[in-house]
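As provided, upload-v5.cif (mmCIF, C-alpha atoms) reads as follows.
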data_coords
loop_
_atom_site.label_atom_id
_atom_site.label_comp_id
_atom_site.auth_asym_id
_atom_site.auth_seq_id
_atom_site.Cartn_x
_atom_site.Cartn_y
_atom_site.Cartn_z
CA MET U 135 173.11 32.76 111.85
CA ARG U 136 171.53 29.55 110.57
CA GLN U 137 168.05 30.69 111.69
CA THR U 138 168.53 34.03 109.90
CA ASN U 139 169.48 32.27 106.66
CA LEU U 140 166.48 29.96 106.93
CA PHE U 141 164.20 32.92 107.58
CA ILE U 142 165.57 34.78 104.54
CA LEU U 143 165.15 31.65 102.39
CA PHE U 144 161.57 31.26 103.66
CA ILE U 145 160.76 34.88 102.77
CA ILE U 146 162.26 34.56 99.27
CA LEU U 147 160.36 31.34 98.58
CA SER U 148 157.14 32.78 99.97
CA PHE U 149 157.32 35.85 97.73
CA GLY U 150 158.12 33.69 94.73
CA PHE U 151 155.11 31.47 95.41
CA VAL U 152 152.73 34.38 96.04
CA SER U 153 153.83 36.23 92.92
CA SER U 154 153.12 33.14 90.79
CA LEU U 155 149.50 33.23 92.00
CA GLU U 156 149.06 36.92 91.40
CA ALA U 157 148.42 39.09 88.39
CA LYS U 158 149.79 38.39 85.02
CA VAL U 159 150.08 40.96 82.26
CA PHE U 160 150.31 39.13 78.96
CA MET U 161 150.51 42.04 76.57
CA LYS U 162 150.49 45.83 76.71
CA ARG U 163 148.12 47.96 74.64
CA ASP U 164 150.46 48.97 71.82
CA GLU U 165 151.78 45.45 71.37
CA ALA U 166 148.23 44.04 71.38
CA LEU U 167 147.04 46.55 68.77
CA SER U 168 150.07 45.82 66.56
CA THR U 169 149.44 42.10 66.85
CA ALA U 170 145.73 42.44 66.05
CA PHE U 171 146.35 44.73 63.06
CA PRO U 172 149.73 43.86 61.52
CA ASP U 173 148.76 45.45 58.16
CA ALA U 174 147.60 48.76 59.64
CA ALA U 175 149.38 51.87 58.44
CA GLU U 176 147.81 53.80 61.32
CA ILE U 177 145.61 53.23 64.34
CA GLU U 178 143.34 56.12 65.26
CA LYS U 179 142.08 56.63 68.79
CA ASN U 180 138.39 57.60 69.07
CA GLU U 181 137.18 58.72 72.50
CA ILE U 182 133.48 57.98 72.78
CA PHE U 183 131.56 59.87 75.44
CA LEU U 184 128.15 58.29 75.97
CA SER U 185 124.98 60.17 76.79
CA SER U 186 122.58 58.71 79.34
CA ASP U 187 120.32 57.58 76.50
CA GLN U 188 123.22 55.83 74.76
CA SER U 189 124.20 54.12 78.00
CA LYS U 190 120.63 52.88 78.48
CA ALA U 191 120.55 51.63 74.87
CA ILE U 192 123.79 49.73 75.47
CA GLU U 193 122.40 48.14 78.64
CA SER U 194 119.26 47.11 76.77
CA LEU U 195 121.20 45.61 73.86
CA ALA U 196 123.78 43.90 76.07
CA ARG U 197 121.44 42.81 78.85
CA ALA U 198 124.25 43.89 81.15
CA LYS U 199 125.11 46.92 83.26
CA ASN U 200 127.16 49.64 81.59
CA GLU U 201 129.34 51.28 84.20
CA SER U 202 131.34 53.63 81.99
CA LYS U 203 130.45 56.70 79.99
CA LEU U 204 133.83 56.75 78.24
CA TYR U 205 135.15 54.18 75.80
CA ILE U 206 138.17 54.34 73.55
CA ILE U 207 137.69 52.67 70.19
CA TYR U 208 140.84 52.14 68.16
CA GLU U 209 140.32 52.16 64.40
CA ALA U 210 142.96 50.36 62.34
CA LYS U 211 143.41 51.74 58.83
CA ASN U 212 145.51 51.13 55.78
CA GLY U 213 145.05 54.21 53.63
CA GLU U 214 141.32 54.92 53.41
CA LYS U 215 140.39 51.31 54.18
CA THR U 216 139.29 50.44 57.73
CA LEU U 217 140.73 47.07 58.72
CA GLY U 218 138.85 46.81 62.00
CA TYR U 219 138.37 48.21 65.46
CA ALA U 220 139.54 47.35 68.95
CA ILE U 221 138.11 48.18 72.34
CA ILE U 222 140.06 47.41 75.49
CA ASP U 223 137.89 46.72 78.51
CA THR U 224 138.79 46.16 82.15
CA HIS U 225 136.07 44.55 84.21
CA SER U 226 135.71 42.95 87.64
CA LEU U 227 135.64 39.23 88.24
CA ARG U 228 135.55 38.06 91.84
CA THR U 229 137.66 40.56 93.75
CA LYS U 230 140.13 41.53 91.03
CA THR U 231 140.04 42.46 87.36
CA GLU U 232 140.65 41.19 83.88
CA THR U 233 141.60 43.33 80.88
CA VAL U 234 140.49 42.11 77.47
CA MET U 235 140.94 43.51 73.98
CA PHE U 236 137.95 42.94 71.73
CA VAL U 237 138.79 43.12 68.01
CA ILE U 238 135.77 43.94 65.87
CA ASN U 239 135.41 43.62 62.10
CA PRO U 240 134.08 46.63 60.16
CA ASP U 241 130.71 44.83 59.85
CA GLY U 242 130.32 44.72 63.66
CA THR U 243 131.14 41.04 64.16
CA LEU U 244 133.69 40.01 66.73
CA LYS U 245 136.96 38.95 65.14
CA GLN U 246 138.83 37.94 68.30
CA THR U 247 139.23 38.46 72.01
CA GLU U 248 142.60 38.65 73.66
CA VAL U 249 143.17 38.64 77.42
CA LEU U 250 145.80 41.30 78.08
CA ALA U 251 145.91 41.00 81.87
CA PHE U 252 144.37 38.65 84.39
CA PHE U 253 144.59 39.37 88.10
CA GLU U 254 142.74 36.35 89.49
CA PRO U 255 144.40 32.95 89.98
CA GLN U 256 145.30 31.51 86.58
CA ASP U 257 143.04 28.47 87.17
CA TYR U 258 140.05 30.78 86.69
CA GLN U 259 141.17 32.20 83.34
CA ALA U 260 139.14 31.31 80.23
CA GLY U 261 141.01 29.26 77.67
CA GLY U 262 141.57 30.29 74.07
CA ASN U 263 139.27 27.60 72.67
CA TRP U 264 136.40 28.80 74.84
CA MET U 265 136.97 32.44 73.88
CA GLU U 266 136.93 31.50 70.18
CA LEU U 267 133.24 30.62 70.61
CA PHE U 268 132.49 34.37 70.51
CA GLU U 269 134.17 34.92 67.13
CA GLY U 270 131.80 35.95 64.35
CA LYS U 271 129.12 37.01 66.84
CA ASN U 272 127.56 40.46 66.92
CA SER U 273 125.33 42.54 69.19
CA ASP U 274 122.22 40.68 67.99
CA ASP U 275 123.49 37.35 69.35
CA SER U 276 122.38 36.32 72.84
CA LEU U 277 125.77 35.03 74.06
CA LYS U 278 124.26 33.67 77.27
CA VAL U 279 126.45 31.28 79.26
CA GLY U 280 124.76 27.91 79.60
CA LYS U 281 122.57 28.57 76.57
CA ASP U 282 124.58 29.85 73.58
CA ILE U 283 128.01 29.58 75.18
CA PRO U 284 129.00 26.62 77.39
CA ASN U 285 129.98 27.26 80.97
CA ILE U 286 133.58 26.88 82.14
CA THR U 287 133.77 24.24 84.86
CA GLY U 288 135.27 25.79 87.97
CA ALA U 289 135.22 29.30 86.47
CA THR U 290 131.56 30.24 86.24
CA ILE U 291 132.15 33.83 87.36
CA THR U 292 134.81 34.28 84.66
CA ALA U 293 132.50 32.84 81.99
CA ASN U 294 129.60 35.08 82.99
CA SER U 295 131.77 38.17 83.33
CA LEU U 296 133.46 37.68 79.96
CA SER U 297 130.13 36.96 78.27
CA GLN U 298 128.63 40.15 79.73
CA ALA U 299 131.69 42.17 78.73
CA THR U 300 131.51 40.81 75.17
CA ARG U 301 127.82 41.72 74.87
CA ARG U 302 128.47 45.18 76.33
CA ILE U 303 131.43 45.94 74.03
CA LEU U 304 129.55 44.78 70.92
CA ALA U 305 126.64 47.00 71.99
CA VAL U 306 128.98 49.98 72.56
CA PHE U 307 130.38 49.48 69.06
CA LYS U 308 126.91 49.24 67.52
CA VAL U 309 125.60 52.36 69.28
CA ALA U 310 128.72 54.40 68.47
CA SER U 311 128.61 53.27 64.83
CA GLU U 312 124.93 54.00 64.39
CA GLN U 313 125.31 57.45 65.93
CA GLY U 314 128.28 58.39 63.72
CA GLN U 315 130.80 58.58 66.56
CA LEU U 316 133.46 56.65 64.68
CA ASN U 317 135.64 58.31 62.03
#

Could you take the file, read its structure, and then write that structure out as structure tokens?
Amino acid sequence: MRQTNLFILFIILSFGFVSSLEAKVFMKRDEALSTAFPDAAEIEKNEIFLSSDQSKAIESLARAKNESKLYIIYEAKNGEKTLGYAIIDTHSLRTKTETVMFVINPDGTLKQTEVLAFFEPQDYQAGGNWMELFEGKNSDDSLKVGKDIPNITGATITANSLSQATRRILAVFKVASEQGQLN
């Protein structure tokens, strides 16, 4: 009986330890959009289907691979006034993914980034201060890790991945805006 109790205790502790190392969802989509746009009377969902030419233009602007032909751009409005836009992107890191909401001002500059879910060990997650370095940047900015943006010690893959995702999302927004795909 004692061995059975010890085994059960071992299993419970093991699952508790493993789950603390695994994925963490910080915020769901609707909560994140409400937090980013507290003054919005409505948030419209724009599905953007990219042509091959648009995808190539995005890759050229972003200097990063574009692996999706579909993006959803949320437009926050208060009456006729556009407050801003948000694009939620899930991208690969090492072997798992990270989901980030990019909030973009109407002028195309990045207002904020918010990690919604992170499935790698938490030690590899970018901190808020580091992510703030992207604020105010647009698709014309280089945003290269080690040049314009400092590297994250011990999390180089995260830094590079997030930098590439930021460049790609800003390029998606620019291309969709210029081609009249936003309401």

Carefully work through the PyMOL selection byres ((chain U and resi 193-202) around 10) for this structure and note down the residues it includes, as a ChimeraX atom specification. /U:183-184,187-192,203-205,225,273-278,295,297-306,308-309

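Between U:Leu267 and the candidates U:Asp282, U:Glu254, U:Asp223, U:Glu181, the tightest atom-to-atom separation, counting all atoms listed in the file, involves U:Asp282.
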
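When the PyMOL selection byres ((chain U and resi 207) around 6) is evaluated on the file shown here, the picked residues come out as Asn180, Ile206, Tyr208, Ala220 and Ile221 of chain U.
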
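Minimum distance to U:Glu165 across U:Gln259, U:Pro240, U:Leu296, U:Met235 (counting all atoms listed in the file) occurs at U:Met235.
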
Any idea what's packed within 12 Å of stretch 260-264 of chain U, counting only C-alpha atoms, ignoring anything in its chain fewer than 4 positions away? Could you give it as a PyMOL selection string? chain U and resi 227+232+234+246-249+251-252+254-256+268-269+279+282-297

Could you list the residues chosen by the PyMOL selection byres ((chain U and resi 171) around 10) in this structure as a ChimeraX atom specification? /U:165-170,172-177,209-212,217-220,237

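By chain and then residue number, the residues within 6 Å of U:Thr243 are Ile238, Asn239, Asp241, Gly270, Lys271 and Asn272 of chain U, counting all atoms listed in the file and disregarding those fewer than 2 positions away in sequence.
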
Between atom CA of U:Lys158 and atom CA of U:Lys230, measure the distance and give it in Å to one decimal. 11.8 Å

Which residue gives the smallest distance to U:Ile222 among U:Met265, U:Arg163, U:Lys281, U:Gln315, with all atoms listed in the file counted? U:Arg163

Between atom CA of U:Phe253 and atom CA of U:Lys162 - distance in Å to one decimal: 14.4 Å

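Put simply, atom CA of U:Val159 is 20.2 Å away from atom CA of U:Glu266.
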
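Using only C-alpha atoms, the shortest contact distance between U:Gly213 and any of U:Phe307, U:Ser185, U:Ser226, U:Glu178 is found at U:Glu178.
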